[in-house]
Every structure is written in C-alpha cells, then in structure tokens.
>>> print(open('my_file-v7.cif').read())   # mmCIF, N, CA and C atoms
data_work
loop_
_atom_site.label_atom_id
_atom_site.label_comp_id
_atom_site.auth_asym_id
_atom_site.auth_seq_id
_atom_site.Cartn_x
_atom_site.Cartn_y
_atom_site.Cartn_z
N MET A 53 113.75 88.40 110.96
CA MET A 53 113.97 89.81 110.81
C MET A 53 115.45 90.17 110.82
N ALA A 54 116.31 89.19 110.79
CA ALA A 54 117.75 89.44 110.89
C ALA A 54 118.28 90.31 109.75
N GLN A 55 117.76 90.14 108.54
CA GLN A 55 118.26 90.90 107.40
C GLN A 55 117.66 92.31 107.32
N ILE A 56 116.63 92.57 108.11
CA ILE A 56 116.00 93.89 108.13
C ILE A 56 116.73 94.75 109.16
N LYS A 57 117.32 95.86 108.69
CA LYS A 57 118.11 96.71 109.57
C LYS A 57 117.29 97.80 110.24
N SER A 58 116.14 98.12 109.65
CA SER A 58 115.30 99.20 110.15
C SER A 58 113.87 98.95 109.73
N TYR A 59 112.93 99.48 110.48
CA TYR A 59 111.53 99.38 110.10
C TYR A 59 111.30 100.05 108.74
N LYS A 60 112.17 101.00 108.39
CA LYS A 60 112.04 101.70 107.11
C LYS A 60 112.33 100.78 105.92
N ASP A 61 112.97 99.64 106.18
CA ASP A 61 113.23 98.66 105.13
C ASP A 61 111.99 97.81 104.82
N LEU A 62 111.01 97.84 105.69
CA LEU A 62 109.81 97.02 105.52
C LEU A 62 108.88 97.61 104.46
N LEU A 63 108.50 96.79 103.50
CA LEU A 63 107.59 97.25 102.46
C LEU A 63 106.24 97.66 103.04
N ILE A 64 105.81 97.01 104.13
CA ILE A 64 104.54 97.39 104.74
C ILE A 64 104.61 98.79 105.35
N TRP A 65 105.77 99.17 105.85
CA TRP A 65 105.94 100.54 106.38
C TRP A 65 105.95 101.53 105.22
N GLN A 66 106.68 101.21 104.15
CA GLN A 66 106.77 102.10 102.99
C GLN A 66 105.40 102.32 102.36
N LYS A 67 104.62 101.24 102.21
CA LYS A 67 103.28 101.37 101.64
C LYS A 67 102.39 102.16 102.59
N GLY A 68 102.58 101.99 103.88
CA GLY A 68 101.83 102.77 104.87
C GLY A 68 102.08 104.26 104.71
N ILE A 69 103.33 104.64 104.49
CA ILE A 69 103.67 106.05 104.25
C ILE A 69 102.97 106.55 102.99
N ASN A 70 102.96 105.73 101.95
CA ASN A 70 102.28 106.10 100.70
C ASN A 70 100.79 106.34 100.93
N ILE A 71 100.17 105.51 101.75
CA ILE A 71 98.75 105.68 102.06
C ILE A 71 98.51 107.00 102.79
N VAL A 72 99.41 107.36 103.71
CA VAL A 72 99.30 108.65 104.41
C VAL A 72 99.29 109.79 103.39
N VAL A 73 100.23 109.76 102.47
CA VAL A 73 100.34 110.82 101.46
C VAL A 73 99.05 110.90 100.63
N LEU A 74 98.52 109.75 100.22
CA LEU A 74 97.29 109.74 99.42
C LEU A 74 96.10 110.27 100.22
N VAL A 75 96.01 109.89 101.48
CA VAL A 75 94.92 110.38 102.33
C VAL A 75 95.01 111.90 102.49
N TYR A 76 96.20 112.40 102.75
CA TYR A 76 96.36 113.85 102.89
C TYR A 76 95.96 114.57 101.59
N LYS A 77 96.26 113.95 100.45
CA LYS A 77 95.88 114.56 99.16
C LYS A 77 94.36 114.61 99.00
N ILE A 78 93.69 113.52 99.37
CA ILE A 78 92.24 113.48 99.15
C ILE A 78 91.50 114.41 100.10
N VAL A 79 91.99 114.58 101.33
CA VAL A 79 91.27 115.45 102.28
C VAL A 79 91.50 116.93 101.99
N GLU A 80 92.46 117.25 101.14
CA GLU A 80 92.68 118.65 100.75
C GLU A 80 91.42 119.26 100.14
N SER A 81 90.63 118.44 99.48
CA SER A 81 89.43 118.93 98.81
C SER A 81 88.19 118.90 99.70
N PHE A 82 88.32 118.39 100.93
CA PHE A 82 87.17 118.33 101.83
C PHE A 82 86.75 119.74 102.24
N PRO A 83 85.47 119.95 102.46
CA PRO A 83 85.01 121.27 102.91
C PRO A 83 85.57 121.61 104.30
N LYS A 84 85.68 122.89 104.58
CA LYS A 84 86.26 123.34 105.85
C LYS A 84 85.52 122.81 107.07
N GLU A 85 84.21 122.61 106.96
CA GLU A 85 83.45 122.09 108.12
C GLU A 85 83.84 120.66 108.47
N GLU A 86 84.56 119.99 107.59
CA GLU A 86 85.04 118.63 107.86
C GLU A 86 86.45 118.62 108.44
N LEU A 87 87.04 119.78 108.64
CA LEU A 87 88.41 119.88 109.13
C LEU A 87 88.61 119.11 110.43
N TYR A 88 87.67 119.23 111.36
CA TYR A 88 87.81 118.57 112.66
C TYR A 88 86.96 117.32 112.76
N ALA A 89 86.42 116.89 111.66
CA ALA A 89 85.59 115.69 111.65
C ALA A 89 86.27 114.60 110.81
N LEU A 90 85.70 114.27 109.66
CA LEU A 90 86.25 113.20 108.83
C LEU A 90 87.68 113.46 108.40
N SER A 91 87.99 114.68 108.05
CA SER A 91 89.35 115.01 107.61
C SER A 91 90.38 114.67 108.68
N SER A 92 90.10 115.12 109.88
CA SER A 92 91.02 114.87 111.00
C SER A 92 91.11 113.38 111.33
N GLN A 93 89.96 112.70 111.33
CA GLN A 93 89.93 111.27 111.62
C GLN A 93 90.72 110.47 110.58
N LEU A 94 90.54 110.83 109.31
CA LEU A 94 91.26 110.14 108.24
C LEU A 94 92.77 110.34 108.38
N LYS A 95 93.18 111.55 108.66
CA LYS A 95 94.61 111.83 108.82
C LYS A 95 95.19 111.03 109.98
N ARG A 96 94.50 111.05 111.12
CA ARG A 96 95.01 110.32 112.30
C ARG A 96 95.09 108.82 112.04
N ALA A 97 94.04 108.27 111.44
CA ALA A 97 94.03 106.83 111.17
C ALA A 97 95.12 106.45 110.18
N SER A 98 95.34 107.29 109.17
CA SER A 98 96.36 106.96 108.18
C SER A 98 97.77 107.02 108.79
N VAL A 99 98.02 108.02 109.60
CA VAL A 99 99.33 108.14 110.25
C VAL A 99 99.56 106.98 111.21
N SER A 100 98.48 106.46 111.77
CA SER A 100 98.57 105.34 112.70
C SER A 100 99.13 104.06 112.05
N VAL A 101 98.88 103.88 110.76
CA VAL A 101 99.31 102.64 110.10
C VAL A 101 100.83 102.48 110.13
N PRO A 102 101.61 103.38 109.51
CA PRO A 102 103.07 103.19 109.55
C PRO A 102 103.65 103.43 110.94
N SER A 103 102.99 104.26 111.75
CA SER A 103 103.49 104.52 113.11
C SER A 103 103.44 103.25 113.96
N ASN A 104 102.36 102.50 113.86
CA ASN A 104 102.26 101.25 114.63
C ASN A 104 103.19 100.18 114.09
N ILE A 105 103.43 100.19 112.80
CA ILE A 105 104.42 99.25 112.24
C ILE A 105 105.80 99.57 112.82
N ALA A 106 106.15 100.84 112.85
CA ALA A 106 107.45 101.25 113.40
C ALA A 106 107.54 100.92 114.88
N GLU A 107 106.48 101.22 115.62
CA GLU A 107 106.51 100.95 117.07
C GLU A 107 106.61 99.45 117.34
N GLY A 108 105.85 98.66 116.60
CA GLY A 108 105.91 97.21 116.79
C GLY A 108 107.29 96.66 116.49
N TYR A 109 107.90 97.16 115.44
CA TYR A 109 109.26 96.74 115.09
C TYR A 109 110.22 97.06 116.23
N GLY A 110 110.04 98.22 116.82
CA GLY A 110 110.93 98.66 117.89
C GLY A 110 110.78 97.88 119.19
N ARG A 111 109.76 97.09 119.32
CA ARG A 111 109.54 96.31 120.55
C ARG A 111 110.45 95.09 120.65
N ASN A 112 111.09 94.71 119.54
CA ASN A 112 112.02 93.57 119.52
C ASN A 112 111.41 92.26 119.99
N SER A 113 110.15 92.09 119.72
CA SER A 113 109.46 90.84 120.06
C SER A 113 108.47 90.54 118.95
N ASP A 114 108.53 89.34 118.41
CA ASP A 114 107.62 88.97 117.33
C ASP A 114 106.16 89.04 117.78
N LYS A 115 105.89 88.61 119.01
CA LYS A 115 104.52 88.64 119.53
C LYS A 115 104.02 90.07 119.65
N SER A 116 104.83 90.95 120.18
CA SER A 116 104.46 92.35 120.32
C SER A 116 104.30 93.01 118.95
N PHE A 117 105.23 92.70 118.04
CA PHE A 117 105.17 93.25 116.69
C PHE A 117 103.87 92.84 116.03
N SER A 118 103.50 91.58 116.17
CA SER A 118 102.26 91.08 115.59
C SER A 118 101.05 91.85 116.13
N HIS A 119 101.07 92.15 117.43
CA HIS A 119 99.99 92.92 118.05
C HIS A 119 99.87 94.31 117.39
N PHE A 120 101.00 94.97 117.19
CA PHE A 120 100.98 96.31 116.57
C PHE A 120 100.57 96.24 115.10
N LEU A 121 100.88 95.13 114.44
CA LEU A 121 100.41 94.95 113.06
C LEU A 121 98.89 94.82 113.03
N ASP A 122 98.33 94.15 114.04
CA ASP A 122 96.87 94.05 114.14
C ASP A 122 96.24 95.44 114.29
N ILE A 123 96.87 96.28 115.07
CA ILE A 123 96.38 97.66 115.24
C ILE A 123 96.46 98.42 113.91
N SER A 124 97.57 98.24 113.19
CA SER A 124 97.72 98.88 111.88
C SER A 124 96.62 98.44 110.93
N ARG A 125 96.33 97.16 110.93
CA ARG A 125 95.29 96.63 110.04
C ARG A 125 93.93 97.21 110.43
N GLY A 126 93.68 97.34 111.71
CA GLY A 126 92.44 97.97 112.17
C GLY A 126 92.33 99.41 111.68
N SER A 127 93.44 100.13 111.70
CA SER A 127 93.45 101.51 111.20
C SER A 127 93.15 101.56 109.71
N LEU A 128 93.63 100.56 108.97
CA LEU A 128 93.32 100.50 107.53
C LEU A 128 91.81 100.37 107.31
N PHE A 129 91.16 99.53 108.10
CA PHE A 129 89.72 99.36 107.97
C PHE A 129 88.98 100.63 108.37
N GLU A 130 89.53 101.34 109.35
CA GLU A 130 88.96 102.62 109.76
C GLU A 130 89.04 103.63 108.61
N ILE A 131 90.20 103.71 107.97
CA ILE A 131 90.37 104.62 106.83
C ILE A 131 89.38 104.26 105.72
N GLU A 132 89.32 102.99 105.40
CA GLU A 132 88.43 102.54 104.33
C GLU A 132 86.98 102.93 104.63
N THR A 133 86.54 102.69 105.85
CA THR A 133 85.17 103.02 106.25
C THR A 133 84.91 104.51 106.15
N GLN A 134 85.85 105.31 106.62
CA GLN A 134 85.67 106.76 106.59
C GLN A 134 85.68 107.30 105.16
N LEU A 135 86.49 106.71 104.30
CA LEU A 135 86.48 107.11 102.89
C LEU A 135 85.15 106.78 102.23
N ILE A 136 84.61 105.62 102.53
CA ILE A 136 83.31 105.23 101.98
C ILE A 136 82.22 106.18 102.46
N ILE A 137 82.27 106.54 103.74
CA ILE A 137 81.30 107.51 104.28
C ILE A 137 81.43 108.84 103.54
N ALA A 138 82.65 109.32 103.39
CA ALA A 138 82.88 110.59 102.69
C ALA A 138 82.38 110.52 101.25
N LYS A 139 82.60 109.40 100.61
CA LYS A 139 82.13 109.22 99.22
C LYS A 139 80.60 109.23 99.17
N GLU A 140 79.97 108.51 100.09
CA GLU A 140 78.51 108.45 100.14
C GLU A 140 77.90 109.82 100.43
N LEU A 141 78.59 110.65 101.20
CA LEU A 141 78.11 111.99 101.53
C LEU A 141 78.40 113.00 100.42
N GLY A 142 79.09 112.56 99.38
CA GLY A 142 79.41 113.44 98.26
C GLY A 142 80.60 114.35 98.53
N ILE A 143 81.36 114.07 99.57
CA ILE A 143 82.52 114.89 99.92
C ILE A 143 83.69 114.57 99.00
N ILE A 144 83.78 113.33 98.55
CA ILE A 144 84.85 112.91 97.65
C ILE A 144 84.30 112.88 96.23
N SER A 145 84.97 113.62 95.35
CA SER A 145 84.56 113.63 93.95
C SER A 145 85.61 113.03 93.02
N ASP A 146 86.83 112.87 93.53
CA ASP A 146 87.93 112.33 92.72
C ASP A 146 87.90 110.80 92.78
N ASP A 147 87.20 110.20 91.82
CA ASP A 147 87.03 108.75 91.81
C ASP A 147 88.36 108.02 91.63
N ILE A 148 89.25 108.59 90.85
CA ILE A 148 90.53 107.94 90.59
C ILE A 148 91.34 107.86 91.88
N LEU A 149 91.46 108.96 92.61
CA LEU A 149 92.21 108.97 93.86
C LEU A 149 91.53 108.08 94.90
N PHE A 150 90.21 108.15 94.97
CA PHE A 150 89.43 107.31 95.89
C PHE A 150 89.72 105.83 95.65
N ASN A 151 89.63 105.40 94.39
CA ASN A 151 89.86 103.99 94.07
C ASN A 151 91.32 103.60 94.26
N THR A 152 92.24 104.52 94.00
CA THR A 152 93.66 104.25 94.22
C THR A 152 93.93 103.99 95.70
N ILE A 153 93.35 104.81 96.56
CA ILE A 153 93.56 104.62 98.01
C ILE A 153 92.95 103.29 98.45
N LEU A 154 91.75 103.00 97.99
CA LEU A 154 91.13 101.73 98.38
C LEU A 154 91.96 100.53 97.93
N LYS A 155 92.53 100.62 96.74
CA LYS A 155 93.39 99.53 96.25
C LYS A 155 94.65 99.41 97.11
N GLN A 156 95.23 100.54 97.47
CA GLN A 156 96.43 100.53 98.32
C GLN A 156 96.11 99.93 99.69
N ILE A 157 94.95 100.27 100.23
CA ILE A 157 94.52 99.72 101.53
C ILE A 157 94.38 98.21 101.43
N GLU A 158 93.76 97.73 100.36
CA GLU A 158 93.58 96.28 100.18
C GLU A 158 94.94 95.58 100.09
N GLU A 159 95.85 96.15 99.32
CA GLU A 159 97.18 95.56 99.18
C GLU A 159 97.92 95.57 100.51
N GLU A 160 97.85 96.70 101.21
CA GLU A 160 98.54 96.82 102.51
C GLU A 160 97.98 95.82 103.50
N SER A 161 96.68 95.66 103.52
CA SER A 161 96.06 94.70 104.44
C SER A 161 96.55 93.28 104.17
N LYS A 162 96.61 92.91 102.92
CA LYS A 162 97.11 91.57 102.55
C LYS A 162 98.58 91.41 102.95
N MET A 163 99.37 92.44 102.73
CA MET A 163 100.79 92.38 103.08
C MET A 163 100.98 92.26 104.60
N ILE A 164 100.20 93.01 105.34
CA ILE A 164 100.29 92.94 106.80
C ILE A 164 99.86 91.56 107.29
N ASN A 165 98.77 91.02 106.72
CA ASN A 165 98.32 89.68 107.10
C ASN A 165 99.42 88.65 106.88
N SER A 166 100.03 88.71 105.73
CA SER A 166 101.09 87.76 105.38
C SER A 166 102.29 87.90 106.32
N PHE A 167 102.70 89.14 106.55
CA PHE A 167 103.85 89.38 107.42
C PHE A 167 103.54 88.94 108.85
N SER A 168 102.33 89.21 109.30
CA SER A 168 101.92 88.82 110.65
C SER A 168 101.94 87.30 110.82
N LYS A 169 101.47 86.58 109.81
CA LYS A 169 101.49 85.12 109.87
C LYS A 169 102.92 84.60 109.99
N THR A 170 103.84 85.23 109.28
CA THR A 170 105.25 84.85 109.37
C THR A 170 105.77 85.05 110.79
N LEU A 171 105.42 86.18 111.38
CA LEU A 171 105.86 86.44 112.76
C LEU A 171 105.28 85.43 113.73
N LYS A 172 104.02 85.07 113.53
CA LYS A 172 103.34 84.16 114.46
C LYS A 172 103.93 82.76 114.44
N THR A 173 104.60 82.39 113.34
CA THR A 173 105.24 81.07 113.31
C THR A 173 106.51 81.06 114.17
N ASN A 174 106.98 82.26 114.54
CA ASN A 174 108.22 82.36 115.36
C ASN A 174 107.94 82.38 116.86
N TYR A 175 106.66 82.41 117.25
CA TYR A 175 106.41 82.37 118.71
C TYR A 175 105.33 81.39 119.06
#
>>> encode(input="my_file-v7.cif", output="structure tokens")
Amino acid sequence: MAQIKSYKDLLIWQKGINIVVLVYKIVESFPKEELYALSSQLKRASVSVPSNIAEGYGRNSDKSFSHFLDISRGSLFEIETQLIIAKELGIISDDILFNTILKQIEEESKMINSFSKTLKTNY
C-alpha cells in the first residue's frame, strides 16, 4: 500500500461510491411506503461498502483492513439480495438500472476479493 496515498485512490472505494449513487437513483422510484423499509436498508447497505473500505484503510493494518473488506463484501451481498426482493415484488421497473447495479456489485465483489487476497499475503 506504499504507493496509495489515500483510500480515495483505491478503485474499490471509487466503485463503491458509484454503487451508492446507482442505489440512490433506483430507490427514487420506490413507493413512499418503502421509505423506511427496503429503500432505507438499501441506502444504508450501499453507504456501508465504501465507508468500510475507508475505515479499514485507516486502521493501518493489513489484517484489520482485510476484516473491513469482508464487511464491505457482505454489504454488497445484502444490497444484491434486497434488490432482488424489490424486483420480485415489482417495486423495481427499470431493468437497465437494475442490471447495471447487479453488474457493478459483481465487479466490486471480485475486486474486493482480489485486493483482500493481496493483503492476506502480507500477514
């Protein structure tokens, strides 16, 4: 991590921010009764992804960072599950945005896995 000056330089953090933006866009169309249910859960889980990457980076320990990456990956699976539920309930009608988010989640998960493996070789 010597060449990385900030967590903001990490592609996994940048992609995490992109996922947050996409999630916020898709929940804009959710019905008002979902404001404190799926909508809120999706927003919290999405914000958790880049937040845990940043927090893990700030711990200055590869082992600790790897732990926070695991939490981020768990949040990705949470988002994916909640999006599938919303789609099955007919809450999501924008197939393009839905599929875009799912693709971004898959890519982010792979990137986090790869980065985490690199960290684990250092401890």
>>> resolve_selection(input="my_file-v7.cif", expression="the PyMOL selection byres ((chain A and resi 133-150) around 8)", output="VMD selection string")
chain A and resid 74 77 to 78 81 to 83 90 93 to 94 127 to 132 151 to 156
>>> closest_residue(input="my_file-v7.cif", among="A:Leu171, A:Ile64, A:Ile56, A:Val75", to="Ser91 in chain A", atoms="only C-alpha atoms")
A:Val75
>>> atom_distance(input="my_file-v7.cif", atom1="CA of Val72 in chain A", atom2="CA of Glu160 in chain A")
12.0 Å
>>> atom_distance(input="my_file-v7.cif", atom1="atom C of Thr173 in chain A", atom2="atom C of Ser116 in chain A")
13.1 Å
>>> residues_around(input="my_file-v7.cif", residues="Val99 in chain A", least_positions_apart="6", cutoff="8 Å", atoms="only N, CA and C atoms", output="ChimeraX atom specification")
/A:68-69,71-73,93,105
>>> write_last_selection(input="my_file-v7.cif", atoms="N, CA and C atoms", output="short mmCIF file (atom, residue, chain, number, x, y, z; two decimals), keeping the file's coordinate frame")
data_model
loop_
_atom_site.label_atom_id
_atom_site.label_comp_id
_atom_site.auth_asym_id
_atom_site.auth_seq_id
_atom_site.Cartn_x
_atom_site.Cartn_y
_atom_site.Cartn_z
N GLY A 68 102.58 101.99 103.88
CA GLY A 68 101.83 102.77 104.87
C GLY A 68 102.08 104.26 104.71
N ILE A 69 103.33 104.64 104.49
CA ILE A 69 103.67 106.05 104.25
C ILE A 69 102.97 106.55 102.99
N ILE A 71 100.17 105.51 101.75
CA ILE A 71 98.75 105.68 102.06
C ILE A 71 98.51 107.00 102.79
N VAL A 72 99.41 107.36 103.71
CA VAL A 72 99.30 108.65 104.41
C VAL A 72 99.29 109.79 103.39
N VAL A 73 100.23 109.76 102.47
CA VAL A 73 100.34 110.82 101.46
C VAL A 73 99.05 110.90 100.63
N GLN A 93 89.96 112.70 111.33
CA GLN A 93 89.93 111.27 111.62
C GLN A 93 90.72 110.47 110.58
N ILE A 105 103.43 100.19 112.80
CA ILE A 105 104.42 99.25 112.24
C ILE A 105 105.80 99.57 112.82
#
>>> closest_residue(input="my_file-v7.cif", among="A:Arg125, A:Glu86, A:Val79, A:Pro102", to="Trp65 in chain A", atoms="all atoms listed in the file")
A:Pro102
>>> atom_distance(input="my_file-v7.cif", atom1="CA of Glu159 in chain A", atom2="CA of Lys60 in chain A")
17.9 Å
>>> closest_residue(input="my_file-v7.cif", among="A:Val101, A:Gly110, A:Leu87, A:Tyr76", to="Ser58 in chain A", atoms="only C-alpha atoms")
A:Gly110
>>> axis_aligned_box(input="my_file-v7.cif", around="range 107-110 of chain A", padding_each_side="3 Å", output="JSON")
{"center_x": 108.4, "center_y": 98.9, "center_z": 117.1, "size_x": 11.1, "size_y": 10.6, "size_z": 10.1}
>>> closest_residue(input="my_file-v7.cif", among="A:Ala97, A:Ala106, A:Ala89, A:Leu63", to="Lys162 in chain A", atoms="only C-alpha atoms")
A:Leu63
>>> decode(input="my_file-v7.cif", residues="range 156-167 of chain A", atoms="all heavy atoms", output="CSV table (one decimal), in the first residue's frame")
chain,number,residue,atom,x,y,z
A,156,GLN,N,-22.3,-4.1,-11.4
A,156,GLN,CA,-21.3,-3.3,-10.6
A,156,GLN,C,-21.0,-4.0,-9.3
A,156,GLN,O,-19.9,-4.1,-8.8
A,156,GLN,CB,-21.9,-1.9,-10.3
A,156,GLN,CG,-22.0,-1.0,-11.5
A,156,GLN,CD,-20.6,-0.6,-12.1
A,156,GLN,OE1,-19.7,-0.2,-11.3
A,156,GLN,NE2,-20.4,-0.8,-13.4
A,157,ILE,N,-22.0,-4.6,-8.7
A,157,ILE,CA,-21.9,-5.4,-7.4
A,157,ILE,C,-21.0,-6.6,-7.7
A,157,ILE,O,-20.1,-6.9,-6.9
A,157,ILE,CB,-23.2,-5.8,-6.9
A,157,ILE,CG1,-24.0,-4.6,-6.3
A,157,ILE,CG2,-23.1,-6.9,-5.8
A,157,ILE,CD1,-25.4,-4.9,-5.9
A,158,GLU,N,-21.2,-7.3,-8.8
A,158,GLU,CA,-20.4,-8.5,-9.1
A,158,GLU,C,-18.9,-8.0,-9.3
A,158,GLU,O,-18.0,-8.7,-8.8
A,158,GLU,CB,-20.9,-9.1,-10.4
A,158,GLU,CG,-20.2,-10.4,-10.8
A,158,GLU,CD,-20.7,-11.0,-12.1
A,158,GLU,OE1,-21.8,-10.6,-12.5
A,158,GLU,OE2,-20.0,-11.9,-12.6
A,159,GLU,N,-18.7,-7.0,-10.1
A,159,GLU,CA,-17.3,-6.5,-10.3
A,159,GLU,C,-16.7,-6.0,-9.0
A,159,GLU,O,-15.5,-6.4,-8.8
A,159,GLU,CB,-17.4,-5.3,-11.3
A,159,GLU,CG,-17.7,-5.7,-12.7
A,159,GLU,CD,-17.9,-4.5,-13.7
A,159,GLU,OE1,-17.6,-3.4,-13.2
A,159,GLU,OE2,-18.3,-4.7,-14.8
A,160,GLU,N,-17.4,-5.3,-8.2
A,160,GLU,CA,-16.9,-4.8,-6.9
A,160,GLU,C,-16.5,-6.0,-6.0
A,160,GLU,O,-15.5,-6.0,-5.4
A,160,GLU,CB,-17.9,-3.9,-6.2
A,160,GLU,CG,-17.5,-3.4,-4.9
A,160,GLU,CD,-16.4,-2.3,-4.9
A,160,GLU,OE1,-15.6,-2.2,-5.8
A,160,GLU,OE2,-16.4,-1.5,-3.9
A,161,SER,N,-17.3,-7.0,-6.0
A,161,SER,CA,-17.1,-8.2,-5.2
A,161,SER,C,-15.8,-8.9,-5.6
A,161,SER,O,-14.9,-9.2,-4.8
A,161,SER,CB,-18.3,-9.2,-5.2
A,161,SER,OG,-18.0,-10.3,-4.4
A,162,LYS,N,-15.6,-9.0,-6.9
A,162,LYS,CA,-14.4,-9.7,-7.4
A,162,LYS,C,-13.2,-8.8,-7.1
A,162,LYS,O,-12.1,-9.3,-6.7
A,162,LYS,CB,-14.5,-9.8,-8.9
A,162,LYS,CG,-15.5,-10.9,-9.3
A,162,LYS,CD,-15.6,-11.0,-10.9
A,162,LYS,CE,-16.6,-12.1,-11.3
A,162,LYS,NZ,-16.8,-12.2,-12.7
A,163,MET,N,-13.3,-7.5,-7.2
A,163,MET,CA,-12.2,-6.6,-6.9
A,163,MET,C,-11.8,-6.6,-5.5
A,163,MET,O,-10.6,-6.7,-5.1
A,163,MET,CB,-12.5,-5.2,-7.4
A,163,MET,CG,-12.6,-5.0,-8.9
A,163,MET,SD,-13.3,-3.4,-9.3
A,163,MET,CE,-12.0,-2.2,-8.7
A,164,ILE,N,-12.8,-6.7,-4.6
A,164,ILE,CA,-12.5,-6.7,-3.2
A,164,ILE,C,-11.9,-8.1,-2.8
A,164,ILE,O,-10.9,-8.1,-2.0
A,164,ILE,CB,-13.8,-6.5,-2.4
A,164,ILE,CG1,-14.2,-5.0,-2.4
A,164,ILE,CG2,-13.7,-7.0,-0.9
A,164,ILE,CD1,-15.6,-4.7,-1.8
A,165,ASN,N,-12.4,-9.2,-3.4
A,165,ASN,CA,-11.8,-10.5,-3.2
A,165,ASN,C,-10.3,-10.5,-3.5
A,165,ASN,O,-9.4,-11.0,-2.8
A,165,ASN,CB,-12.5,-11.6,-4.0
A,165,ASN,CG,-13.8,-12.0,-3.4
A,165,ASN,OD1,-14.0,-11.8,-2.2
A,165,ASN,ND2,-14.6,-12.6,-4.2
A,166,SER,N,-10.0,-10.0,-4.7
A,166,SER,CA,-8.6,-9.9,-5.2
A,166,SER,C,-7.7,-9.1,-4.3
A,166,SER,O,-6.6,-9.5,-3.9
A,166,SER,CB,-8.6,-9.4,-6.6
A,166,SER,OG,-7.3,-9.3,-7.1
A,167,PHE,N,-8.2,-7.9,-3.9
A,167,PHE,CA,-7.5,-7.0,-3.1
A,167,PHE,C,-7.3,-7.6,-1.7
A,167,PHE,O,-6.2,-7.5,-1.1
A,167,PHE,CB,-8.2,-5.6,-2.9
A,167,PHE,CG,-7.4,-4.6,-2.3
A,167,PHE,CD1,-6.4,-3.9,-3.1
A,167,PHE,CD2,-7.6,-4.2,-1.0
A,167,PHE,CE1,-5.6,-2.9,-2.5
A,167,PHE,CE2,-6.8,-3.2,-0.5
A,167,PHE,CZ,-5.8,-2.5,-1.2
